[in-house]
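Structure below is input32.pdb: PDB, C-alpha atoms, pLDDT in the B column.
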MODEL        1
ATOM      1  CA  MET A   1     -48.410 -14.295  63.851  1.00 49.00           C
ATOM      2  CA  GLN A   2     -45.948 -14.306  60.943  1.00 55.00           C
ATOM      3  CA  PHE A   3     -47.228 -12.205  58.037  1.00 62.00           C
ATOM      4  CA  GLN A   4     -46.942 -13.711  54.572  1.00 66.00           C
ATOM      5  CA  SER A   5     -46.094 -12.039  51.288  1.00 71.00           C
ATOM      6  CA  PHE A   6     -47.511 -13.741  48.241  1.00 77.00           C
ATOM      7  CA  ASP A   7     -45.801 -13.881  44.868  1.00 82.00           C
ATOM      8  CA  ARG A   8     -46.678 -15.160  41.401  1.00 84.00           C
ATOM      9  CA  ALA A   9     -45.026 -18.563  42.000  1.00 87.00           C
ATOM     10  CA  TYR A  10     -47.129 -19.082  45.141  1.00 85.00           C
ATOM     11  CA  LEU A  11     -50.273 -18.123  43.227  1.00 83.00           C
ATOM     12  CA  GLU A  12     -49.439 -20.574  40.421  1.00 86.00           C
ATOM     13  CA  ARG A  13     -48.811 -23.410  42.894  1.00 86.00           C
ATOM     14  CA  LEU A  14     -52.132 -22.618  44.551  1.00 83.00           C
ATOM     15  CA  ARG A  15     -53.909 -22.664  41.181  1.00 84.00           C
ATOM     16  CA  ALA A  16     -52.263 -25.951  40.281  1.00 85.00           C
ATOM     17  CA  GLY A  17     -53.589 -27.533  43.488  1.00 83.00           C
ATOM     18  CA  ASP A  18     -50.205 -28.065  45.152  1.00 84.00           C
ATOM     19  CA  PHE A  19     -51.064 -29.766  48.463  1.00 87.00           C
ATOM     20  CA  ARG A  20     -48.466 -28.014  50.647  1.00 89.00           C
ATOM     21  CA  THR A  21     -49.291 -24.591  49.216  1.00 86.00           C
ATOM     22  CA  GLN A  22     -53.020 -25.137  49.780  1.00 86.00           C
ATOM     23  CA  GLU A  23     -52.331 -26.391  53.286  1.00 88.00           C
ATOM     24  CA  HIS A  24     -50.265 -23.268  54.033  1.00 87.00           C
ATOM     25  CA  PHE A  25     -52.904 -21.005  52.449  1.00 87.00           C
ATOM     26  CA  VAL A  26     -55.760 -22.476  54.493  1.00 87.00           C
ATOM     27  CA  SER A  27     -53.730 -22.456  57.708  1.00 87.00           C
ATOM     28  CA  TYR A  28     -52.616 -18.845  57.218  1.00 86.00           C
ATOM     29  CA  PHE A  29     -56.023 -17.429  56.344  1.00 88.00           C
ATOM     30  CA  SER A  30     -57.956 -19.596  58.839  1.00 87.00           C
ATOM     31  CA  GLU A  31     -56.364 -17.673  61.683  1.00 84.00           C
ATOM     32  CA  LEU A  32     -57.207 -14.320  60.096  1.00 83.00           C
ATOM     33  CA  ILE A  33     -60.769 -15.380  59.251  1.00 85.00           C
ATOM     34  CA  HIS A  34     -61.267 -16.581  62.816  1.00 84.00           C
ATOM     35  CA  LEU A  35     -60.145 -13.174  64.132  1.00 82.00           C
ATOM     36  CA  LYS A  36     -62.589 -11.465  61.785  1.00 83.00           C
ATOM     37  CA  LEU A  37     -65.552 -13.693  62.638  1.00 84.00           C
ATOM     38  CA  ARG A  38     -65.237 -14.310  66.350  1.00 82.00           C
ATOM     39  CA  ALA A  39     -66.810 -10.938  67.210  1.00 77.00           C
ATOM     40  CA  ARG A  40     -69.579 -11.380  64.638  1.00 81.00           C
ATOM     41  CA  LEU A  41     -70.674 -14.997  65.068  1.00 82.00           C
ATOM     42  CA  ARG A  42     -71.429 -16.679  68.343  1.00 78.00           C
ATOM     43  CA  SER A  43     -70.958 -20.373  67.707  1.00 83.00           C
ATOM     44  CA  PRO A  44     -67.800 -22.153  66.564  1.00 85.00           C
ATOM     45  CA  GLU A  45     -69.975 -24.097  64.098  1.00 87.00           C
ATOM     46  CA  ASP A  46     -71.126 -20.876  62.409  1.00 87.00           C
ATOM     47  CA  ILE A  47     -67.537 -19.630  62.196  1.00 86.00           C
ATOM     48  CA  GLU A  48     -66.446 -22.944  60.680  1.00 88.00           C
ATOM     49  CA  ASP A  49     -69.290 -22.860  58.138  1.00 89.00           C
ATOM     50  CA  VAL A  50     -68.326 -19.357  56.976  1.00 89.00           C
ATOM     51  CA  ARG A  51     -64.631 -20.292  56.910  1.00 89.00           C
ATOM     52  CA  GLN A  52     -65.234 -23.386  54.773  1.00 89.00           C
ATOM     53  CA  GLU A  53     -67.539 -21.552  52.363  1.00 90.00           C
ATOM     54  CA  THR A  54     -64.985 -18.742  52.064  1.00 90.00           C
ATOM     55  CA  PHE A  55     -62.193 -21.158  51.131  1.00 87.00           C
ATOM     56  CA  ALA A  56     -64.414 -23.057  48.698  1.00 88.00           C
ATOM     57  CA  ARG A  57     -65.253 -19.829  46.855  1.00 89.00           C
ATOM     58  CA  VAL A  58     -61.714 -18.427  46.952  1.00 88.00           C
ATOM     59  CA  LEU A  59     -60.089 -21.599  45.622  1.00 85.00           C
ATOM     60  CA  THR A  60     -62.738 -21.882  42.894  1.00 86.00           C
ATOM     61  CA  ALA A  61     -62.175 -18.262  41.874  1.00 86.00           C
ATOM     62  CA  LEU A  62     -58.383 -18.700  41.870  1.00 83.00           C
ATOM     63  CA  ARG A  63     -58.647 -21.555  39.393  1.00 81.00           C
ATOM     64  CA  LYS A  64     -60.812 -19.638  36.931  1.00 81.00           C
ATOM     65  CA  GLU A  65     -59.094 -18.307  33.830  1.00 71.00           C
ATOM     66  CA  HIS A  66     -59.581 -14.673  34.842  1.00 73.00           C
ATOM     67  CA  GLY A  67     -59.195 -15.205  38.582  1.00 73.00           C
ATOM     68  CA  ILE A  68     -56.738 -13.268  40.702  1.00 77.00           C
ATOM     69  CA  ARG A  69     -53.764 -12.139  38.620  1.00 75.00           C
ATOM     70  CA  GLU A  70     -51.994  -9.999  41.216  1.00 80.00           C
ATOM     71  CA  PRO A  71     -50.584 -12.046  44.111  1.00 78.00           C
ATOM     72  CA  GLU A  72     -50.556  -9.050  46.471  1.00 80.00           C
ATOM     73  CA  ARG A  73     -54.381  -8.926  46.149  1.00 81.00           C
ATOM     74  CA  ILE A  74     -54.906 -12.404  47.657  1.00 83.00           C
ATOM     75  CA  GLY A  75     -55.421 -11.068  51.199  1.00 84.00           C
ATOM     76  CA  PRO A  76     -57.998  -8.417  50.269  1.00 85.00           C
ATOM     77  CA  PHE A  77     -59.765 -10.949  48.005  1.00 86.00           C
ATOM     78  CA  VAL A  78     -60.092 -13.525  50.808  1.00 88.00           C
ATOM     79  CA  ASN A  79     -61.353 -10.749  53.071  1.00 86.00           C
ATOM     80  CA  SER A  80     -64.042  -9.580  50.639  1.00 88.00           C
ATOM     81  CA  VAL A  81     -65.227 -13.146  49.940  1.00 89.00           C
ATOM     82  CA  CYS A  82     -65.462 -13.775  53.691  1.00 89.00           C
ATOM     83  CA  SER A  83     -67.455 -10.543  54.136  1.00 88.00           C
ATOM     84  CA  ASN A  84     -69.842 -11.574  51.339  1.00 89.00           C
ATOM     85  CA  VAL A  85     -70.388 -15.032  52.839  1.00 89.00           C
ATOM     86  CA  LEU A  86     -71.056 -13.402  56.214  1.00 87.00           C
ATOM     87  CA  ARG A  87     -73.605 -10.980  54.678  1.00 87.00           C
ATOM     88  CA  GLU A  88     -75.359 -13.847  52.936  1.00 87.00           C
ATOM     89  CA  ARG A  89     -75.509 -15.691  56.227  1.00 81.00           C
ATOM     90  CA  TYR A  90     -77.119 -12.688  57.952  1.00 76.00           C
ATOM     91  CA  ARG A  91     -79.686 -12.440  55.151  1.00 76.00           C
ATOM     92  CA  SER A  92     -80.510 -16.158  55.199  1.00 69.00           C
ATOM     93  CA  ASP A  93     -81.017 -16.158  58.975  1.00 60.00           C
ATOM     94  CA  THR A  94     -83.951 -13.731  58.623  1.00 56.00           C
ATOM     95  CA  PRO A  95     -85.204 -14.068  55.047  1.00 54.00           C
ATOM     96  CA  ASP A  96     -88.349 -11.898  54.899  1.00 53.00           C
ATOM     97  CA  GLN A  97     -88.932 -10.914  58.484  1.00 53.00           C
ATOM     98  CA  PRO A  98     -88.687  -7.284  59.561  1.00 53.00           C
ATOM     99  CA  LEU A  99     -86.441  -6.679  62.539  1.00 49.00           C
ATOM    100  CA  GLU A 100     -88.137  -5.891  65.802  1.00 52.00           C
ATOM    101  CA  ASP A 101     -86.975  -3.083  68.081  1.00 49.00           C
ATOM    102  CA  GLU A 102     -85.585  -5.565  70.592  1.00 46.00           C
ATOM    103  CA  HIS A 103     -83.527  -7.335  67.941  1.00 47.00           C
ATOM    104  CA  GLY A 104     -79.777  -7.107  68.546  1.00 49.00           C
ATOM    105  CA  GLU A 105     -77.719  -4.964  66.245  1.00 49.00           C
ATOM    106  CA  ILE A 106     -75.579  -6.474  63.534  1.00 49.00           C
ATOM    107  CA  PRO A 107     -72.007  -6.450  64.822  1.00 49.00           C
ATOM    108  CA  ASP A 108     -69.811  -3.538  63.794  1.00 50.00           C
ATOM    109  CA  ARG A 109     -67.884  -4.161  60.590  1.00 50.00           C
ATOM    110  CA  GLY A 110     -65.703  -1.100  61.079  1.00 51.00           C
ATOM    111  CA  VAL A 111     -62.495  -2.941  61.949  1.00 53.00           C
ATOM    112  CA  ASP A 112     -61.343  -5.351  59.278  1.00 62.00           C
ATOM    113  CA  VAL A 113     -58.373  -7.352  60.527  1.00 65.00           C
ATOM    114  CA  ILE A 114     -57.280  -8.782  57.174  1.00 69.00           C
ATOM    115  CA  GLU A 115     -57.380  -5.389  55.478  1.00 70.00           C
ATOM    116  CA  ILE A 116     -55.400  -3.798  58.323  1.00 70.00           C
ATOM    117  CA  ILE A 117     -52.761  -6.526  58.134  1.00 73.00           C
ATOM    118  CA  ALA A 118     -52.445  -6.198  54.339  1.00 69.00           C
ATOM    119  CA  TYR A 119     -52.074  -2.419  54.705  1.00 70.00           C
ATOM    120  CA  LYS A 120     -49.397  -2.774  57.399  1.00 75.00           C
ATOM    121  CA  GLN A 121     -47.488  -5.287  55.263  1.00 75.00           C
ATOM    122  CA  THR A 122     -47.509  -2.877  52.338  1.00 75.00           C
ATOM    123  CA  GLN A 123     -46.344  -0.010  54.552  1.00 76.00           C
ATOM    124  CA  GLU A 124     -43.466  -2.103  55.879  1.00 80.00           C
ATOM    125  CA  LYS A 125     -42.342  -3.104  52.370  1.00 80.00           C
ATOM    126  CA  VAL A 126     -42.418   0.513  51.205  1.00 81.00           C
ATOM    127  CA  ARG A 127     -40.332   1.592  54.224  1.00 84.00           C
ATOM    128  CA  GLU A 128     -37.778  -1.158  53.550  1.00 85.00           C
ATOM    129  CA  ILE A 129     -37.496  -0.206  49.891  1.00 86.00           C
ATOM    130  CA  ILE A 130     -37.115   3.508  50.659  1.00 88.00           C
ATOM    131  CA  GLU A 131     -34.304   2.707  53.124  1.00 90.00           C
ATOM    132  CA  GLU A 132     -32.423   0.862  50.360  1.00 89.00           C
ATOM    133  CA  LEU A 133     -32.462   3.844  47.981  1.00 91.00           C
ATOM    134  CA  PRO A 134     -29.471   6.143  47.446  1.00 91.00           C
ATOM    135  CA  GLU A 135     -29.571   9.024  49.933  1.00 92.00           C
ATOM    136  CA  ARG A 136     -30.768  11.772  47.578  1.00 91.00           C
ATOM    137  CA  ASP A 137     -33.546   9.596  46.115  1.00 91.00           C
ATOM    138  CA  ARG A 138     -34.592   8.483  49.590  1.00 91.00           C
ATOM    139  CA  ARG A 139     -34.703  12.075  50.898  1.00 92.00           C
ATOM    140  CA  ILE A 140     -36.698  13.377  47.922  1.00 91.00           C
ATOM    141  CA  ILE A 141     -39.304  10.619  48.228  1.00 89.00           C
ATOM    142  CA  GLN A 142     -39.536  11.033  52.001  1.00 88.00           C
ATOM    143  CA  GLU A 143     -39.834  14.814  51.842  1.00 89.00           C
ATOM    144  CA  LEU A 144     -42.404  14.916  49.043  1.00 88.00           C
ATOM    145  CA  PHE A 145     -44.522  11.845  49.791  1.00 83.00           C
ATOM    146  CA  ILE A 146     -44.116  11.008  53.461  1.00 81.00           C
ATOM    147  CA  GLU A 147     -43.536  14.440  55.003  1.00 82.00           C
ATOM    148  CA  GLU A 148     -45.704  16.034  52.280  1.00 86.00           C
ATOM    149  CA  ARG A 149     -43.490  19.114  52.008  1.00 88.00           C
ATOM    150  CA  SER A 150     -44.253  21.565  49.233  1.00 90.00           C
ATOM    151  CA  LYS A 151     -42.250  21.313  46.034  1.00 91.00           C
ATOM    152  CA  ASP A 152     -41.195  24.944  46.456  1.00 91.00           C
ATOM    153  CA  ASP A 153     -39.650  24.192  49.869  1.00 91.00           C
ATOM    154  CA  VAL A 154     -37.838  21.132  48.514  1.00 91.00           C
ATOM    155  CA  CYS A 155     -36.558  23.169  45.526  1.00 93.00           C
ATOM    156  CA  ARG A 156     -35.233  25.804  47.909  1.00 93.00           C
ATOM    157  CA  ASP A 157     -33.477  23.176  50.098  1.00 90.00           C
ATOM    158  CA  TYR A 158     -31.849  21.472  47.097  1.00 90.00           C
ATOM    159  CA  GLU A 159     -31.242  24.768  45.304  1.00 93.00           C
ATOM    160  CA  VAL A 160     -32.879  23.501  42.104  1.00 92.00           C
ATOM    161  CA  SER A 161     -35.667  24.703  39.829  1.00 94.00           C
ATOM    162  CA  ARG A 162     -39.061  22.983  39.768  1.00 90.00           C
ATOM    163  CA  ASP A 163     -38.193  21.559  36.336  1.00 92.00           C
ATOM    164  CA  TYR A 164     -35.048  19.950  37.683  1.00 93.00           C
ATOM    165  CA  LEU A 165     -36.908  18.721  40.779  1.00 91.00           C
ATOM    166  CA  ARG A 166     -39.234  16.927  38.372  1.00 92.00           C
ATOM    167  CA  VAL A 167     -36.160  15.180  36.884  1.00 92.00           C
ATOM    168  CA  LEU A 168     -34.843  14.254  40.341  1.00 92.00           C
ATOM    169  CA  LEU A 169     -38.248  12.949  41.380  1.00 91.00           C
ATOM    170  CA  HIS A 170     -38.520  10.901  38.188  1.00 92.00           C
ATOM    171  CA  ARG A 171     -35.111   9.325  38.894  1.00 92.00           C
ATOM    172  CA  ALA A 172     -36.076   8.629  42.512  1.00 90.00           C
ATOM    173  CA  LYS A 173     -39.304   6.945  41.391  1.00 90.00           C
ATOM    174  CA  LEU A 174     -37.387   4.801  38.904  1.00 90.00           C
ATOM    175  CA  ALA A 175     -34.925   3.780  41.631  1.00 90.00           C
ATOM    176  CA  PHE A 176     -37.864   2.913  43.886  1.00 88.00           C
ATOM    177  CA  LYS A 177     -39.445   0.827  41.119  1.00 87.00           C
ATOM    178  CA  VAL A 178     -36.199  -1.106  40.514  1.00 88.00           C
ATOM    179  CA  HIS A 179     -35.835  -1.859  44.240  1.00 85.00           C
ATOM    180  CA  TYR A 180     -39.535  -2.760  44.485  1.00 82.00           C
ATOM    181  CA  LEU A 181     -39.349  -5.253  41.614  1.00 82.00           C
ATOM    182  CA  LYS A 182     -36.189  -6.779  43.067  1.00 81.00           C
ATOM    183  CA  LYS A 183     -37.838  -7.072  46.504  1.00 75.00           C
ATOM    184  CA  MET A 184     -40.935  -8.721  45.035  1.00 70.00           C
ATOM    185  CA  ALA A 185     -38.764 -11.270  43.201  1.00 70.00           C
ATOM    186  CA  GLU A 186     -36.937 -12.299  46.417  1.00 67.00           C
ATOM    187  CA  PRO A 187     -39.748 -14.485  47.886  1.00 57.00           C
ATOM    188  CA  ALA A 188     -40.020 -16.344  44.563  1.00 52.00           C
ATOM    189  CA  ARG A 189     -36.277 -17.071  44.573  1.00 57.00           C
ATOM    190  CA  GLN A 190     -36.408 -18.192  48.218  1.00 57.00           C
ATOM    191  CA  GLN A 191     -39.335 -20.550  47.597  1.00 53.00           C
ATOM    192  CA  THR A 192     -37.786 -22.124  44.498  1.00 55.00           C
ATOM    193  CA  GLY A 193     -34.282 -22.259  46.000  1.00 52.00           C
TER     194      GLY A 193
ENDMDL
END
Mind converting the file's structure to structure tokens?
Amino acid sequence: MQFQSFDRAYLERLRAGDFRTQEHFVSYFSELIHLKLRARLRSPEDIEDVRQETFARVLTALRKEHGIREPERIGPFVNSVCSNVLRERYRSDTPDQPLEDEHGEIPDRGVDVIEIIAYKQTQEKVREIIEELPERDRRIIQELFIEERSKDDVCRDYEVSRDYLRVLLHRAKLAFKVHYLKKMAEPARQQTG
């Protein structure tokens, strides 16, 4: 499965009701929703009902004035709406009846495929951006944030004071931010170009 990054232009096309964008959106998330639901619901009809209700709610929410404003939150939003629809379905199946001892357990919700995929996409983007940084910035970020080395050890290795390390770290974070913003703008340029 090809993972998708979402940008502001994609979100605006989705809000505007662009047919191709909606078609892509539904196709992309249908596969993920199916993966999430197949272990929780037995019949294809139930899965389809939850899928359709999820998309109806998501697309309605996207078109509201204060709907999703951050494109990178689309995946987690779809996931949470799907989880809510699923919970409502469990509740409606047994409205006011206590569960008997023989009743099967509600399937485990521990593994959330959409959330895992969104997390892995974010990790991959961060790795790519760090690799693009100048060597000193890259090493400082890796040593402090990824390897979680102490600031004292890093100061000793670079032969700098903690005050100057703060300056170096600030510069490295700024470089990361510049590369991050450039990276996030790339999908928008590719889609409009």
Matched chain/residue IDs from the PyMOL selection byres ((chain A and resi 155-170) around 12), as a JSON list (two decimals) with C-alpha atoms, in the coordinates of the input:
[["chain", "number", "residue", "atom", "x", "y", "z"],
["A", 136, "ARG", "CA", -30.77, 11.77, 47.58],
["A", 137, "ASP", "CA", -33.55, 9.60, 46.12],
["A", 138, "ARG", "CA", -34.59, 8.48, 49.59],
["A", 139, "ARG", "CA", -34.70, 12.08, 50.90],
["A", 140, "ILE", "CA", -36.70, 13.38, 47.92],
["A", 141, "ILE", "CA", -39.30, 10.62, 48.23],
["A", 142, "GLN", "CA", -39.54, 11.03, 52.00],
["A", 143, "GLU", "CA", -39.83, 14.81, 51.84],
["A", 144, "LEU", "CA", -42.40, 14.92, 49.04],
["A", 145, "PHE", "CA", -44.52, 11.84, 49.79],
["A", 149, "ARG", "CA", -43.49, 19.11, 52.01],
["A", 150, "SER", "CA", -44.25, 21.56, 49.23],
["A", 151, "LYS", "CA", -42.25, 21.31, 46.03],
["A", 152, "ASP", "CA", -41.20, 24.94, 46.46],
["A", 153, "ASP", "CA", -39.65, 24.19, 49.87],
["A", 154, "VAL", "CA", -37.84, 21.13, 48.51],
["A", 171, "ARG", "CA", -35.11, 9.32, 38.89],
["A", 172, "ALA", "CA", -36.08, 8.63, 42.51],
["A", 173, "LYS", "CA", -39.30, 6.94, 41.39],
["A", 174, "LEU", "CA", -37.39, 4.80, 38.90],
["A", 175, "ALA", "CA", -34.92, 3.78, 41.63],
["A", 176, "PHE", "CA", -37.86, 2.91, 43.89],
["A", 177, "LYS", "CA", -39.44, 0.83, 41.12]]
- Item | Given only C-alpha atoms as the counted atoms, nearest of A:Lys120, A:Arg15, A:Lys36, A:Lys125 to His66 in chain A |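 Of A:Lys120, A:Arg15, A:Lys36, A:Lys125, the one nearest His66 in chain A is A:Arg15, counting only C-alpha atoms.
Going from CA of Ile68 in chain A over to CA of Glu88 in chain A, you cover 22.3 Å.
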- Message: Let me make sure I understand: among A:Arg57, A:Met184, A:Ser30, A:Leu41, which one has the smallest atom-to-atom distance to Ala9 in chain A if we use all atoms listed in the file?
- Response: A:Met184
- Residue contacts of Glu72 in chain A (8 Å, all atoms listed in the file) excluding same-chain residues fewer than 3 positions away, as number ranges by chain: A: 5-7, 75
Would you pull range 35-48 of chain A out of the block just shown and save N, CA and C atoms as a tab-separated table (two decimals), in the first residue's frame?
chain	number	residue	atom	x	y	z
A	35	LEU	N	-9.05	-2.77	7.03
A	35	LEU	CA	-8.06	-3.43	7.89
A	35	LEU	C	-8.42	-3.29	9.37
A	36	LYS	N	-8.91	-2.14	9.74
A	36	LYS	CA	-9.26	-1.88	11.14
A	36	LYS	C	-10.48	-2.70	11.56
A	37	LEU	N	-11.45	-2.83	10.66
A	37	LEU	CA	-12.74	-3.42	11.03
A	37	LEU	C	-12.83	-4.92	10.84
A	38	ARG	N	-12.00	-5.48	9.98
A	38	ARG	CA	-12.19	-6.90	9.66
A	38	ARG	C	-12.02	-7.82	10.86
A	39	ALA	N	-11.24	-7.42	11.85
A	39	ALA	CA	-11.08	-8.24	13.05
A	39	ALA	C	-12.18	-7.97	14.08
A	40	ARG	N	-12.92	-6.88	13.89
A	40	ARG	CA	-13.93	-6.49	14.87
A	40	ARG	C	-15.35	-6.81	14.45
A	41	LEU	N	-15.60	-6.83	13.15
A	41	LEU	CA	-16.95	-7.09	12.65
A	41	LEU	C	-16.93	-8.33	11.77
A	42	ARG	N	-17.95	-9.12	11.89
A	42	ARG	CA	-17.96	-10.40	11.18
A	42	ARG	C	-18.45	-10.30	9.73
A	43	SER	N	-19.48	-9.53	9.49
A	43	SER	CA	-20.06	-9.55	8.15
A	43	SER	C	-19.57	-8.38	7.30
A	44	PRO	N	-19.42	-8.63	6.00
A	44	PRO	CA	-19.03	-7.56	5.09
A	44	PRO	C	-20.05	-6.40	5.09
A	45	GLU	N	-21.32	-6.74	5.33
A	45	GLU	CA	-22.36	-5.70	5.36
A	45	GLU	C	-22.13	-4.75	6.54
A	46	ASP	N	-21.78	-5.32	7.70
A	46	ASP	CA	-21.51	-4.48	8.87
A	46	ASP	C	-20.30	-3.58	8.63
A	47	ILE	N	-19.26	-4.14	8.03
A	47	ILE	CA	-18.06	-3.35	7.71
A	47	ILE	C	-18.43	-2.21	6.77
A	48	GLU	N	-19.22	-2.52	5.75
A	48	GLU	CA	-19.62	-1.50	4.78
A	48	GLU	C	-20.47	-0.42	5.43
